[in-house]
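**Student:** Okay, handing you the structure first.
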Amino acid sequence: MQDRVAFLSTSPVFRGVPAGELERIAALFEERRYPAGAKILEQGGRSQAVYFLRSGRCAVRVERADSRETVAYLQPPDLFGELSFVTGKTCSADVEVVVDAEVLVLTKEASVRLPQNRETILRGLLEVIADRMHSTVTGGAKAKVSPVVVLESQPHWAAPYAFGSLLALSLAEQSGEAALCVHLAESGEGAERLLSPQSYAVDLGLRGSAGEMREELARRLTEWKARFPFVILNPLPSAPAVREVAAALAQANAPDVMRGWLAGPGDALAADSGSGRFVAQSGEAPTLPVLDGGRQLIFDAAESETAFRAGRPVTARFRRSVDSLARHILGTQVGIALGGGAAWGWAHIGVLSVFEKAGLPIDVIAGCSMGSVIGALRAAGIAIPDLQEIADYWKTRTRRFIEWRFWRMCLLNEAIVLKTFERYWGARTVNQLEIPYWANAVDIKTGKEFTIRDGPVTHCVRASIALPGLMPPFKRGDVLLVDSGIMNPVPVRLVRRMGARFIVAVNAMAAMEAQEISSRYPFNAFDLMFRCTRIMGHEIGQARAEDAANFVLTPDYGTITMLQFARAPEIIECGRRVAEMNLPVILEGYQRVKAGAAVERRQPAERL
């Protein structure tokens with residue numbers, strides 16, 4: 001009884017009730033328990049009681065004409081059902097249990113037996129109703145909906161401790177809010193330890209029957225969510241019974257529960273990721289068919305687990321993937337769309353170097369033509385200085401690519417191009433890259449844009465650079481692919497489809513300026529062709545990029561032409577210059593996106 005009295009004393013409804021009366025009032029309440037998935041109130045029904053949520057978590061959901069929307073989340077000491085209880089009107093929403101809930105219920109029959117403070121209590125209820133209505137009108141009070149993340153480690157996953165702990169640390173660092181990682185096992189003291197100023201980890205042992213463990217987890221989760229906006233439940237592989245209890249919570253498919261599927265080599269894979277799931281698989285012998293913001297490879301898992309347990313830093317590649325998946329949870333992933341432009345594509349290296357130096361993350365990459373070449377190189381883990389060396393190496397060697405049999409109407413020799421590509425990517429496939437990467441092309445038979453998300457990287461890039469006059473179309477199954485510069489030279493929408501929330505597009509195709517046309521045969525013909533491509537590519541790329549990206553960068557090359565690969569250092573500098581000029585507004589824009597994502601994690605409470 002004393003626990004019940006202590007809980008009711010935290011509610012604003014009983015603010016004016018003397019302490020001596022509260023014990024008599026507490027005796028009128030019923031205790032009820034509801035499992036996850038149960039509906040306590042139904043939209044259109046009437047509430048015959050006021051419900052005080054003592055532990056667990058509930059979702060407020062409204063049936064619209066063609067959708068079902070979650071409008072709020074309830075956690076202790078929230079109450080609900082009070083408006084229908086007082087007015088007799090129907091409830092405007094369902095209240096569904098997300099985490100096993102314990103509720104104190106004051107029924108209408110019991111309310112008539114309230115002591116002389118009955119009017120004080122009813123006044124308290126009316127004040128709660130008034131406060132909520134004011135919040136609805138002003139858009140003020142918000143209920144946090146930061147997710148509970150439930151990790152599901154598969155048998156060969158090699159970083160059970162390191163991943164969960166670093167995910168909590170990353171969420172705290174990037175959101176500025178507190179995060180807790182709970183390592184669930186069959187034994188553990190439950191003492192919290194500090195990972196960073198706002199992130200914590202705890203080893204918690206759960207024992208008893210499945211029902212007892214579930215009840216204990218629900219009680220603990222209620223306490224944790226009151227203190228930590230982000231809670232990560234990490235059932236360890238050594239505790240199969242505990243894993244089943246956590247899996248039951250994850251399978252509730254509640255909007256505020258996100259499932260993280262962690263797979264090692266040979267492990268089964270989850271279904272496609274969505275807003276409620278992400279997948280991370282070890283980079284050794286991966287089988288993920290497609291990578292994007294929510295489906296990523298993570299490298300050095302075993303090495304990083306050993307380092308973490310020994311108190312040493314994990315590898316940079318491991319931490320990059322953890323940070324990126326944290327941004328997936330937060331809704332703040334960054335993507336970059338790299339446009340085509342022949343030699344001008346070297347400018348992408350300068351842009352990427354500025355972003356890396358400034359600390360702007362790149363979570364996903366999409367490219368067209370020369371942008372697909374640079375994007376695939378960077379996605380393969382090739383560092384910026386190495387990209388600069390590659391550009392420098394080829395600035396005096398591009399003549400070896402030329403197809404001297406001009407009757408073929410192709411400037412580049414396909415065999416030599418593929419041999420060169422294999423030098424950098426070997427037999428790697430698109431789903432084996434360190435950063436999720438897609439490229440675009442056009443099926444010349446249908447005239448429709450084609451997204452390349454799988455297959456050998458060399459074939460992906462080869463198809464993306466198949467500009468008529470430069471290289472012949474690339475046959476892939478039933479489609480015949482050419483460079484997408486004729487339709488969508490800056491693939492921003494691909495980056496959006498990959499899950500990026502903040503997108504920077506680089507339109508490497510500069511606007512036309514007055515320049516002399518080459519008089520040398522046959523280069524004058526190619527010069528005319530590329531000028532036509534340039535005009536079309538710039539206008540189409542700029543318009544489509546500005547329509548879909550947060551920021552669009554267009555370098556100024558002065559007198560440098562599209563075929564002057566030998567001027568690579570100057571072109572890289574052009575990219576660096578335009579990125580540095582726009583960096584302050586880009587960083588400011590990203591901060592606005594992060595702030596907006598934080599606001600979206602708060603929903604206005606629905607009146608019941």
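Residues in the structure tokens are named by chain (A, B, ... in the order shown) and by number from 1 within that chain; ligands are numbered from 1 in the order shown.
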Determine, counting only C-alpha atoms, which protein, DNA and RNA residues have an atom within 7 Å of an atom of A:Val242; residues of the same chain fewer than 4 positions away are not included. Present the result as a list of chain:residue names.

**Tutor:**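 Close residues of A:Val242: A:Leu184, A:Ala185, A:Leu206, A:Pro235, A:Ala246.
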
**Student:** Would you output that residue set with N, CA and C atoms, as an mmCIF file, in the first residue's frame?

**Tutor:**
data_model
loop_
_atom_site.group_PDB
_atom_site.id
_atom_site.type_symbol
_atom_site.label_atom_id
_atom_site.label_comp_id
_atom_site.auth_asym_id
_atom_site.auth_seq_id
_atom_site.Cartn_x
_atom_site.Cartn_y
_atom_site.Cartn_z
ATOM 1 N N LEU A 184 21.962 -7.674 -21.234
ATOM 2 C CA LEU A 184 21.090 -8.602 -20.519
ATOM 3 C C LEU A 184 21.698 -10.003 -20.515
ATOM 4 N N ALA A 185 21.803 -10.583 -19.332
ATOM 5 C CA ALA A 185 22.353 -11.927 -19.190
ATOM 6 C C ALA A 185 21.618 -12.642 -18.070
ATOM 7 N N LEU A 206 18.801 -11.413 -15.426
ATOM 8 C CA LEU A 206 17.380 -11.731 -15.308
ATOM 9 C C LEU A 206 17.248 -13.220 -15.002
ATOM 10 N N PRO A 235 20.582 -8.332 -25.319
ATOM 11 C CA PRO A 235 20.649 -9.681 -24.738
ATOM 12 C C PRO A 235 21.880 -10.413 -25.258
ATOM 13 N N ALA A 246 13.614 -10.706 -24.611
ATOM 14 C CA ALA A 246 13.858 -9.459 -25.341
ATOM 15 C C ALA A 246 13.291 -9.534 -26.750
#

**Student:** Please list as a PyMOL selection string every residue within 7 Å of stretch 557-573 of chain A, counting only C-alpha atoms and excluding residues in the same chain fewer than 6 positions away.

**Tutor:** chain A and resi 341-344+346-347+349-350+391-392+395-396

**Student:** Take the residues from that selection and put them in a file with all heavy atoms, as a PDB file, in the first residue's frame.

**Tutor:**
ATOM      1  N   GLY A 341      30.645  14.332 -65.400  1.00  0.00           N
ATOM      2  CA  GLY A 341      31.320  15.503 -65.939  1.00  0.00           C
ATOM      3  C   GLY A 341      32.695  15.223 -66.492  1.00  0.00           C
ATOM      4  O   GLY A 341      33.517  16.140 -66.588  1.00  0.00           O
ATOM      5  N   ALA A 342      32.982  13.950 -66.851  1.00  0.00           N
ATOM      6  CA  ALA A 342      34.297  13.582 -67.402  1.00  0.00           C
ATOM      7  C   ALA A 342      35.405  14.074 -66.472  1.00  0.00           C
ATOM      8  O   ALA A 342      35.343  13.825 -65.272  1.00  0.00           O
ATOM      9  CB  ALA A 342      34.439  14.122 -68.811  1.00  0.00           C
ATOM     10  N   ALA A 343      36.404  14.789 -66.999  1.00  0.00           N
ATOM     11  CA  ALA A 343      37.545  15.210 -66.175  1.00  0.00           C
ATOM     12  C   ALA A 343      37.109  16.088 -65.010  1.00  0.00           C
ATOM     13  O   ALA A 343      37.761  16.106 -63.957  1.00  0.00           O
ATOM     14  CB  ALA A 343      38.569  15.939 -67.034  1.00  0.00           C
ATOM     15  N   TRP A 344      36.012  16.807 -65.194  1.00  0.00           N
ATOM     16  CA  TRP A 344      35.541  17.667 -64.098  1.00  0.00           C
ATOM     17  C   TRP A 344      35.160  16.856 -62.858  1.00  0.00           C
ATOM     18  O   TRP A 344      35.045  17.397 -61.775  1.00  0.00           O
ATOM     19  CB  TRP A 344      34.335  18.475 -64.563  1.00  0.00           C
ATOM     20  CG  TRP A 344      34.696  19.551 -65.551  1.00  0.00           C
ATOM     21  CD1 TRP A 344      35.922  20.112 -65.748  1.00  0.00           C
ATOM     22  CD2 TRP A 344      33.809  20.180 -66.481  1.00  0.00           C
ATOM     23  NE1 TRP A 344      35.863  21.057 -66.746  1.00  0.00           N
ATOM     24  CE2 TRP A 344      34.567  21.130 -67.215  1.00  0.00           C
ATOM     25  CE3 TRP A 344      32.467  20.037 -66.766  1.00  0.00           C
ATOM     26  CZ2 TRP A 344      34.031  21.928 -68.211  1.00  0.00           C
ATOM     27  CZ3 TRP A 344      31.915  20.836 -67.758  1.00  0.00           C
ATOM     28  CH2 TRP A 344      32.684  21.772 -68.463  1.00  0.00           C
ATOM     29  N   TRP A 346      36.934  15.006 -61.211  1.00  0.00           N
ATOM     30  CA  TRP A 346      37.982  15.081 -60.188  1.00  0.00           C
ATOM     31  C   TRP A 346      37.621  16.083 -59.093  1.00  0.00           C
ATOM     32  O   TRP A 346      38.127  15.994 -57.973  1.00  0.00           O
ATOM     33  CB  TRP A 346      39.315  15.488 -60.803  1.00  0.00           C
ATOM     34  CG  TRP A 346      39.974  14.536 -61.754  1.00  0.00           C
ATOM     35  CD1 TRP A 346      40.464  14.844 -62.999  1.00  0.00           C
ATOM     36  CD2 TRP A 346      40.256  13.144 -61.574  1.00  0.00           C
ATOM     37  NE1 TRP A 346      41.027  13.739 -63.598  1.00  0.00           N
ATOM     38  CE2 TRP A 346      40.909  12.679 -62.739  1.00  0.00           C
ATOM     39  CE3 TRP A 346      40.008  12.240 -60.538  1.00  0.00           C
ATOM     40  CZ2 TRP A 346      41.319  11.357 -62.894  1.00  0.00           C
ATOM     41  CZ3 TRP A 346      40.414  10.928 -60.692  1.00  0.00           C
ATOM     42  CH2 TRP A 346      41.060  10.494 -61.843  1.00  0.00           C
ATOM     43  N   ALA A 347      36.734  17.035 -59.391  1.00  0.00           N
ATOM     44  CA  ALA A 347      36.335  18.047 -58.390  1.00  0.00           C
ATOM     45  C   ALA A 347      35.699  17.396 -57.171  1.00  0.00           C
ATOM     46  O   ALA A 347      35.754  17.950 -56.067  1.00  0.00           O
ATOM     47  CB  ALA A 347      35.367  19.049 -59.019  1.00  0.00           C
ATOM     48  N   ILE A 349      36.727  14.982 -55.505  1.00  0.00           N
ATOM     49  CA  ILE A 349      37.769  14.702 -54.507  1.00  0.00           C
ATOM     50  C   ILE A 349      37.989  15.918 -53.627  1.00  0.00           C
ATOM     51  O   ILE A 349      38.120  15.804 -52.401  1.00  0.00           O
ATOM     52  CB  ILE A 349      39.080  14.279 -55.202  1.00  0.00           C
ATOM     53  CG1 ILE A 349      38.854  13.014 -56.033  1.00  0.00           C
ATOM     54  CG2 ILE A 349      40.187  14.063 -54.169  1.00  0.00           C
ATOM     55  CD1 ILE A 349      40.065  12.606 -56.866  1.00  0.00           C
ATOM     56  N   GLY A 350      38.021  17.096 -54.225  1.00  0.00           N
ATOM     57  CA  GLY A 350      38.187  18.315 -53.440  1.00  0.00           C
ATOM     58  C   GLY A 350      37.029  18.555 -52.497  1.00  0.00           C
ATOM     59  O   GLY A 350      37.222  18.945 -51.340  1.00  0.00           O
ATOM     60  N   ALA A 391      44.260  10.488 -59.026  1.00  0.00           N
ATOM     61  CA  ALA A 391      44.050  11.558 -60.008  1.00  0.00           C
ATOM     62  C   ALA A 391      45.373  12.034 -60.583  1.00  0.00           C
ATOM     63  O   ALA A 391      45.499  12.281 -61.796  1.00  0.00           O
ATOM     64  CB  ALA A 391      43.294  12.716 -59.357  1.00  0.00           C
ATOM     65  N   ASP A 392      46.371  12.169 -59.733  1.00  0.00           N
ATOM     66  CA  ASP A 392      47.678  12.630 -60.186  1.00  0.00           C
ATOM     67  C   ASP A 392      48.320  11.604 -61.124  1.00  0.00           C
ATOM     68  O   ASP A 392      48.950  11.962 -62.121  1.00  0.00           O
ATOM     69  CB  ASP A 392      48.576  12.883 -58.980  1.00  0.00           C
ATOM     70  CG  ASP A 392      49.895  13.535 -59.369  1.00  0.00           C
ATOM     71  OD1 ASP A 392      49.851  14.692 -59.836  1.00  0.00           O
ATOM     72  OD2 ASP A 392      50.953  12.887 -59.212  1.00  0.00           O
ATOM     73  N   LYS A 395      46.711  11.725 -64.682  1.00  0.00           N
ATOM     74  CA  LYS A 395      46.639  12.996 -65.410  1.00  0.00           C
ATOM     75  C   LYS A 395      47.494  12.985 -66.679  1.00  0.00           C
ATOM     76  O   LYS A 395      47.216  13.734 -67.623  1.00  0.00           O
ATOM     77  CB  LYS A 395      47.034  14.158 -64.501  1.00  0.00           C
ATOM     78  CG  LYS A 395      48.504  14.229 -64.137  1.00  0.00           C
ATOM     79  CD  LYS A 395      48.778  15.424 -63.240  1.00  0.00           C
ATOM     80  CE  LYS A 395      50.269  15.525 -62.906  1.00  0.00           C
ATOM     81  NZ  LYS A 395      50.545  16.672 -62.015  1.00  0.00           N
ATOM     82  N   THR A 396      48.540  12.138 -66.726  1.00  0.00           N
ATOM     83  CA  THR A 396      49.392  12.067 -67.921  1.00  0.00           C
ATOM     84  C   THR A 396      49.275  10.718 -68.616  1.00  0.00           C
ATOM     85  O   THR A 396      50.079  10.410 -69.506  1.00  0.00           O
ATOM     86  CB  THR A 396      50.863  12.317 -67.532  1.00  0.00           C
ATOM     87  OG1 THR A 396      51.260  11.324 -66.573  1.00  0.00           O
ATOM     88  CG2 THR A 396      51.049  13.705 -66.953  1.00  0.00           C
TER      89      THR A 396
END

**Student:** Kindly indicate which residue among A:Val150, A:Leu262, A:Asp478, A:Pro35 lies nearest to A:Gly211, using only C-alpha atoms for the distances.

**Tutor:**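 Ranking A:Val150, A:Leu262, A:Asp478, A:Pro35 by distance to A:Gly211, first place goes to A:Pro35.
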
**Student:** When you look at A:Cys368 with a cut-off of 12 Å (counting only C-alpha atoms), what residues show up, excluding the ones that are within fewer than 4 positions of it in the same chain? I need them as a PyMOL selection string.

**Tutor:** chain A and resi 336-342+345+348+372-376+437-442+449-452+460-467+482-492+494-495+505-509+537+541

**Student:** Give me the residues near stretch 277-284 of chain A as a list of chain:residue names, where near means some atom within 7 Å (using only C-alpha atoms) and where sequence neighbours in that chain fewer than 4 positions away do not count.

**Tutor:**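 The residues that qualify are A:Met258, A:Arg259, A:Gly260, A:Trp261, A:Leu262, A:Ala263, A:Gly264, A:Pro265, A:Ser273, A:Gly294, A:Arg295, A:Gln296, A:Leu297, A:Ile298, A:Phe299, A:Ala301.
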
**Student:** If you measure from atom CA of A:Ile232 to atom CA of A:Ala201, what distance in Å do you get, rounded to one decimal?

**Tutor:**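 Rounded to one decimal, the two atoms are 9.2 Å apart.
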
**Student:** Determine, counting only C-alpha atoms, which protein, DNA and RNA residues have an atom within 9 Å of an atom of A:Ile384; residues of the same chain fewer than 2 positions away are not included. Present the result as a list of chain:residue names.

**Tutor:**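 Contacts, with the query itself left out: A:Ile349, A:Gly350, A:Leu352, A:Ser353, A:Glu356, A:Arg378, A:Ile382, A:Asp386, A:Leu387, A:Gln388, A:Glu389.
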
**Student:** Using only N, CA and C atoms, please write the residues we just selected to a file, as an mmCIF file, in the first residue's frame.

**Tutor:**
data_model
loop_
_atom_site.group_PDB
_atom_site.id
_atom_site.type_symbol
_atom_site.label_atom_id
_atom_site.label_comp_id
_atom_site.auth_asym_id
_atom_site.auth_seq_id
_atom_site.Cartn_x
_atom_site.Cartn_y
_atom_site.Cartn_z
ATOM 1 N N ILE A 349 36.727 14.982 -55.505
ATOM 2 C CA ILE A 349 37.769 14.702 -54.507
ATOM 3 C C ILE A 349 37.989 15.918 -53.627
ATOM 4 N N GLY A 350 38.021 17.096 -54.225
ATOM 5 C CA GLY A 350 38.187 18.315 -53.440
ATOM 6 C C GLY A 350 37.029 18.555 -52.497
ATOM 7 N N LEU A 352 34.971 16.228 -51.209
ATOM 8 C CA LEU A 352 35.028 15.224 -50.148
ATOM 9 C C LEU A 352 36.114 15.554 -49.130
ATOM 10 N N SER A 353 37.239 16.099 -49.586
ATOM 11 C CA SER A 353 38.320 16.432 -48.654
ATOM 12 C C SER A 353 37.903 17.520 -47.679
ATOM 13 N N GLU A 356 35.396 15.984 -45.121
ATOM 14 C CA GLU A 356 36.065 15.116 -44.152
ATOM 15 C C GLU A 356 36.822 15.944 -43.119
ATOM 16 N N ARG A 378 35.703 5.930 -53.133
ATOM 17 C CA ARG A 378 35.589 6.361 -51.729
ATOM 18 C C ARG A 378 34.812 5.337 -50.919
ATOM 19 N N ILE A 382 38.936 3.858 -49.910
ATOM 20 C CA ILE A 382 40.147 4.548 -50.356
ATOM 21 C C ILE A 382 40.136 5.964 -49.788
ATOM 22 N N ASP A 386 44.786 9.166 -51.039
ATOM 23 C CA ASP A 386 44.973 8.153 -52.078
ATOM 24 C C ASP A 386 44.168 8.483 -53.326
ATOM 25 N N LEU A 387 42.997 9.064 -53.153
ATOM 26 C CA LEU A 387 42.222 9.510 -54.308
ATOM 27 C C LEU A 387 42.982 10.594 -55.074
ATOM 28 N N GLN A 388 43.620 11.476 -54.336
ATOM 29 C CA GLN A 388 44.408 12.523 -54.981
ATOM 30 C C GLN A 388 45.584 11.924 -55.742
ATOM 31 N N GLU A 389 46.189 10.894 -55.185
ATOM 32 C CA GLU A 389 47.295 10.219 -55.875
ATOM 33 C C GLU A 389 46.800 9.534 -57.151
#

**Student:** Rounded to one decimal place, report the atom CA of A:Glu434-atom CA of A:Leu325 distance in Å.

**Tutor:** 13.0 Å

**Student:** Could you tell me how far atom CA of A:Val351 sits from atom CA of A:Leu553, in Å to one decimal place?

**Tutor:**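 Distance between the two atoms: 8.9 Å.
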
**Student:** So which residues touch A:Lys39 within 8 Å, counting only C-alpha atoms, skipping near sequence neighbours fewer than 3 positions away, as a list in words?

**Tutor:**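 Final neighbour list, sorted by chain and number: Glu42, Asp94, Val95, Glu96 and Val97 of chain A.
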
**Student:** Tell me which of A:Ala49, A:Leu288, A:Leu480, A:Trp425 sits closest to A:Ile444, counting only C-alpha atoms.

**Tutor:**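 When distances to A:Ile444 are compared using only C-alpha atoms, the smallest one comes from A:Leu480.
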
**Student:** As a list in words, which residues of stretch 347-443 of chain A does DSSP assign to strand (DSSP E)?

**Tutor:**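 Residues of stretch 347-443 of chain A classed as strand (DSSP E): Val364, Ile365, Ala366, Gly367, Tyr437, Trp438, Ala439, Asn440, Ala441, Val442 and Asp443 of chain A.
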
**Student:** From the list A:Gln432, A:Thr107, A:Ser11, A:Ser175, which residue is nearest A:Thr332 when using only C-alpha atoms?

**Tutor:**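 Smallest separation from A:Thr332 among the options: A:Ser175.
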
**Student:** Check stretch 57-260 of chain A with DSSP on the backbone and list each residue it calls alpha helix (DSSP H), as a VMD selection string.

**Tutor:** chain A and resid 82 to 87 108 to 111 118 to 138 160 to 175 210 to 227 240 to 250

**Student:** Just want the 10 Å neighbourhood of A:Leu166, counted on only C-alpha atoms, with same-chain residues fewer than 6 positions away dropped. Output as a list in words.

**Tutor:**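 Non-adjacent residues within range: Ala172, Cys181, Leu195, Ser196, Ser199, Tyr200, Ala201, Phe308, Val314, Phe318, Arg319, Val322, Asp323 and Ala326 of chain A.
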
**Student:** Would you write out those residues with N, CA and C atoms, as a tab-separated table (two decimals), in the first residue's frame?

**Tutor:**
chain	number	residue	atom	x	y	z
A	172	ALA	N	24.33	9.29	-27.69
A	172	ALA	CA	24.44	10.39	-26.73
A	172	ALA	C	25.25	11.54	-27.32
A	181	CYS	N	22.98	1.55	-22.45
A	181	CYS	CA	23.02	0.21	-23.04
A	181	CYS	C	22.92	-0.80	-21.90
A	195	LEU	N	30.16	5.59	-19.69
A	195	LEU	CA	30.91	5.46	-20.93
A	195	LEU	C	31.41	6.80	-21.42
A	196	SER	N	30.59	7.82	-21.24
A	196	SER	CA	30.90	9.19	-21.61
A	196	SER	C	30.02	10.07	-20.73
A	199	SER	N	26.44	8.89	-21.57
A	199	SER	CA	26.12	7.52	-21.94
A	199	SER	C	26.60	6.56	-20.87
A	200	TYR	N	25.79	5.51	-20.67
A	200	TYR	CA	26.05	4.55	-19.60
A	200	TYR	C	25.83	3.13	-20.12
A	201	ALA	N	26.42	2.18	-19.42
A	201	ALA	CA	26.18	0.77	-19.69
A	201	ALA	C	25.94	0.06	-18.37
A	308	PHE	N	37.80	-3.22	-27.10
A	308	PHE	CA	36.86	-2.59	-26.19
A	308	PHE	C	36.92	-3.22	-24.80
A	314	VAL	N	38.35	1.15	-30.37
A	314	VAL	CA	38.02	0.25	-31.47
A	314	VAL	C	38.60	0.83	-32.76
A	318	PHE	N	35.20	0.22	-37.71
A	318	PHE	CA	34.12	-0.26	-36.84
A	318	PHE	C	33.32	0.93	-36.31
A	319	ARG	N	34.00	1.94	-35.84
A	319	ARG	CA	33.32	3.10	-35.26
A	319	ARG	C	32.53	3.87	-36.32
A	322	VAL	N	29.17	2.12	-36.67
A	322	VAL	CA	28.34	2.33	-35.48
A	322	VAL	C	27.76	3.74	-35.49
A	323	ASP	N	28.59	4.72	-35.79
A	323	ASP	CA	28.12	6.11	-35.83
A	323	ASP	C	27.06	6.30	-36.90
A	326	ALA	N	23.83	4.86	-35.74
A	326	ALA	CA	23.24	5.75	-34.74
A	326	ALA	C	22.50	6.89	-35.43
